[in-house]
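Everything on this sheet refers to the single structure shown next.
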Amino acid sequence: MGMSDPNQLPPPIPPARGRGAEGLRRNLRRKRVVGNGPMTGSLAALSEVSAIAAAAREVSGVDVAVCPPFTLIAAAVARSGGVAIGAQDVHPAASGAHTGDISAAMLKEAHASLVIVGPSERRADHREDDALVRAKAEAALAAGLQTIVCVGETEPEREAGHHLAVVAAQLAGSLPEPSGEVELVIAYEPVWAIGTGRVAQPADVAEMHAAIRSHLRDTWGDAGERVRILYGGSVKADNAAELFAVADVDGALVGGASLTAAQFVPIIRAAAG
Ligand code: PEP
């Protein structure tokens with residue numbers, strides 16, 4: 001046996017349960033818990049991914065994923081033990097002079113299996129509009145990346161009573177056509193709850209998730225029934241079970257509490273019920 005090539009990427013993870021039309025039918029609406037570490041993490045901290053993966057393998061009935069920054073994807077895959085690793089953004093084009101951007105094919109080559117598009121920070125800091133979010137989602141799905149499209153209202157929008165209309169407009173503008181083969185997921189992330197420790201009240205989450213489900217059903221019929229809707233915004237071990245009990249909450253997109261196994265694993269366990 002020769003020495004392993006240090007430049008070679010780790011082998012692809014086996015097809016996640018849920019890939020392909022049959023897997024999609026079998027797994028849809030089981031809980032999905034996704035960790036998002038925006039501009040956070042280091043090679044040294046990847047021991048947390050190993051610990052999360054080890055614990056996640058012991059929990060059945062929950063699809064777990066971790067989305068580190070681009071620079072850590074390949075190293076995270078090597079430590080993930082088959083737990084899905086995703087990315088936090090993707091460029092809509094396949095190639096071209098887009099300095100600093102990453103295409104869906106590049107993510108696939110790094111063995112990412114999913115990607116987050118349209119989180120509020122990118123909509124605000126990078127002025128991403130619905131059309132761009134949709135183009136990114138289309139590129140990701142076409143490349144075979146499970147795609148999480150984020151929507152959510154700001155605090156002034158909620159206070160003005162416009163939250164349902166704002167999210168409806170984001171859905172209408174940002175959602176690609178579902179591919180049938182590759183999973184599309186929605187994450188409802190009220191902007192005022194992200195990283196603030198202010199979690200949305202279950203009744204408010206129920207209202208929004210029901211509205212999103214109704215939009216999906218109206219748009220895609222039965223296919224809309226099968227789309228998972230995650231809640232994101234200050235999900236922690238002590239509020240996860242209550243949120244997961246809300247109708248049409250099919251999992252969580254977790255920021256701060258996904259960075260350590262000590263905080264993330266209890267959320268995964270809460271999703272298992
Ligand atoms: C996020 O970063 O997507 C997020 C929801 O963060 P937090 O869980 O820390 O609010």
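FYI, nothing fancy with the structure tokens labels: chains A, B, ... in order, residues from 1 per chain, ligands from 1 as they appear.
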List as JSON, numbers by chain the protein and nucleic acid residues lying within 6 Å of ligand 1, with only C-alpha atoms and all ligand atoms counted. {"A": [36, 193, 194, 195, 232, 233, 234, 235, 253, 254, 255, 256]}
Same residues, N, CA and C atoms, output as a PDB file, in the first residue's frame:
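Dumped to selection09.pdb:
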```
ATOM      1  N   ASN A  36     -25.175  26.002  11.898  1.00  0.00           N
ATOM      2  CA  ASN A  36     -24.625  27.037  11.024  1.00  0.00           C
ATOM      3  C   ASN A  36     -23.620  27.842  11.834  1.00  0.00           C
ATOM      4  N   ALA A 193     -34.560  37.388  16.087  1.00  0.00           N
ATOM      5  CA  ALA A 193     -34.288  36.266  17.006  1.00  0.00           C
ATOM      6  C   ALA A 193     -32.919  35.641  16.757  1.00  0.00           C
ATOM      7  N   ILE A 194     -32.247  36.060  15.678  1.00  0.00           N
ATOM      8  CA  ILE A 194     -30.976  35.417  15.320  1.00  0.00           C
ATOM      9  C   ILE A 194     -29.848  35.985  16.175  1.00  0.00           C
ATOM     10  N   GLY A 195     -29.246  35.121  16.955  1.00  0.00           N
ATOM     11  CA  GLY A 195     -28.086  35.515  17.757  1.00  0.00           C
ATOM     12  C   GLY A 195     -28.404  36.469  18.887  1.00  0.00           C
ATOM     13  N   GLY A 232     -35.355  28.851  12.865  1.00  0.00           N
ATOM     14  CA  GLY A 232     -34.025  29.291  13.296  1.00  0.00           C
ATOM     15  C   GLY A 232     -34.120  30.604  14.024  1.00  0.00           C
ATOM     16  N   GLY A 233     -33.357  30.727  15.101  1.00  0.00           N
ATOM     17  CA  GLY A 233     -33.343  31.974  15.882  1.00  0.00           C
ATOM     18  C   GLY A 233     -33.268  31.644  17.356  1.00  0.00           C
ATOM     19  N   SER A 234     -32.002  31.606  17.876  1.00  0.00           N
ATOM     20  CA  SER A 234     -31.768  31.377  19.309  1.00  0.00           C
ATOM     21  C   SER A 234     -32.347  30.058  19.808  1.00  0.00           C
ATOM     22  N   VAL A 235     -32.288  29.033  18.953  1.00  0.00           N
ATOM     23  CA  VAL A 235     -32.670  27.696  19.433  1.00  0.00           C
ATOM     24  C   VAL A 235     -31.565  27.200  20.367  1.00  0.00           C
ATOM     25  N   LEU A 253     -32.600  25.351  12.376  1.00  0.00           N
ATOM     26  CA  LEU A 253     -31.319  25.868  11.892  1.00  0.00           C
ATOM     27  C   LEU A 253     -30.715  26.602  13.087  1.00  0.00           C
ATOM     28  N   VAL A 254     -29.579  26.114  13.551  1.00  0.00           N
ATOM     29  CA  VAL A 254     -29.034  26.538  14.840  1.00  0.00           C
ATOM     30  C   VAL A 254     -27.682  27.209  14.634  1.00  0.00           C
ATOM     31  N   GLY A 255     -27.520  28.419  15.136  1.00  0.00           N
ATOM     32  CA  GLY A 255     -26.252  29.128  15.017  1.00  0.00           C
ATOM     33  C   GLY A 255     -25.374  28.882  16.238  1.00  0.00           C
ATOM     34  N   GLY A 256     -25.432  29.802  17.187  1.00  0.00           N
ATOM     35  CA  GLY A 256     -24.523  29.781  18.340  1.00  0.00           C
ATOM     36  C   GLY A 256     -24.479  28.446  19.065  1.00  0.00           C
TER      37      GLY A 256
END
```
What parts of range 18-92 of chain A does DSSP call strand (DSSP E or B)? I'd like the answer as a VMD selection string. chain A and resid 31 to 36 62 to 67 84 to 87 91
Mind dumping the selected residues with C-alpha atoms as an mmCIF file, in the first residue's frame?
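Result file follows (selection-v2.cif):
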```cif
data_model
loop_
_atom_site.group_PDB
_atom_site.id
_atom_site.type_symbol
_atom_site.label_atom_id
_atom_site.label_comp_id
_atom_site.auth_asym_id
_atom_site.auth_seq_id
_atom_site.Cartn_x
_atom_site.Cartn_y
_atom_site.Cartn_z
ATOM 1 C CA LYS A 31 -36.799 16.204 11.851
ATOM 2 C CA ARG A 32 -33.738 17.890 10.419
ATOM 3 C CA VAL A 33 -31.268 19.782 12.639
ATOM 4 C CA VAL A 34 -28.659 21.934 10.896
ATOM 5 C CA GLY A 35 -25.788 23.768 12.562
ATOM 6 C CA ASN A 36 -24.625 27.037 11.024
ATOM 7 C CA VAL A 62 -33.124 12.913 12.870
ATOM 8 C CA ASP A 63 -31.147 14.226 9.887
ATOM 9 C CA VAL A 64 -28.179 16.166 11.237
ATOM 10 C CA ALA A 65 -25.903 18.507 9.301
ATOM 11 C CA VAL A 66 -23.196 21.025 10.118
ATOM 12 C CA CYS A 67 -22.334 24.003 7.880
ATOM 13 C CA ALA A 84 -23.736 15.732 6.368
ATOM 14 C CA ILE A 85 -21.518 18.779 5.959
ATOM 15 C CA GLY A 86 -22.842 21.828 4.159
ATOM 16 C CA ALA A 87 -21.872 25.325 3.064
ATOM 17 C CA HIS A 91 -22.614 31.539 -6.338
#
```
Would you mind writing down, as a ChimeraX atom specification, each residue of range 1-241 of chain A that DSSP on the backbone assigns to helix (DSSP H, G or I)? /A:20-27,44-57,70-79,104-109,120-125,130-142,155-159,163-174,191-193,202-220,222-225,237-241
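Between CA of Ser80 in chain A and CA of Ser50 in chain A the separation is 5.7 Å.
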Within 6 Å of range 217-228 of chain A, counting only C-alpha atoms, which residues show up once you throw out same-chain ones fewer than 3 positions away? Write them as a ChimeraX atom specification, please. /A:28-29,185,214,250
For CA of Ala139 in chain A and CA of Ser179 in chain A, determine how far apart the two atoms are, in Å to one decimal place. 11.1 Å
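For the choices A:Arg30, A:Leu175, A:Ala271, A:Met208, the atom-to-atom distance to Ala135 in chain A is smallest for A:Leu175 when using only C-alpha atoms.
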Nearest residue to Pro178 in chain A from the set A:Arg213, A:Val151, A:Glu138, A:Val205 (distances using only C-alpha atoms): A:Glu138
Glu189 in chain A proximity check over A:Ile212, A:Ala270, A:Val83, A:Cys150, using only C-alpha atoms: winner is A:Cys150
Got a sec: who's within 9 Å of Glu155 in chain A, counting only C-alpha atoms, leaving out chain neighbours fewer than 2 positions off, as a PyMOL selection string? chain A and resi 153+157-160+163+190-193
Which neighbours of Ser113 in chain A fall inside 8 Å, counting only C-alpha atoms, when residues of the same chain fewer than 2 positions from it are skipped, and could you give them as a PyMOL selection string? chain A and resi 84-86+107-108+111+115+144-146
Mind writing the picked residues with C-alpha atoms as a CSV table (one decimal), in the first residue's frame?
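The file below, selection12.csv, is the result:
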```
chain,number,residue,atom,x,y,z
A,84,ALA,CA,-23.7,15.7,6.4
A,85,ILE,CA,-21.5,18.8,6.0
A,86,GLY,CA,-22.8,21.8,4.2
A,107,LEU,CA,-18.9,22.6,-3.0
A,108,LYS,CA,-19.7,19.1,-4.4
A,111,HIS,CA,-18.1,16.7,-0.5
A,115,VAL,CA,-26.0,24.6,1.3
A,144,GLY,CA,-27.4,18.0,-6.4
A,145,LEU,CA,-27.0,20.0,-3.2
A,146,GLN,CA,-29.8,19.9,-0.7
```
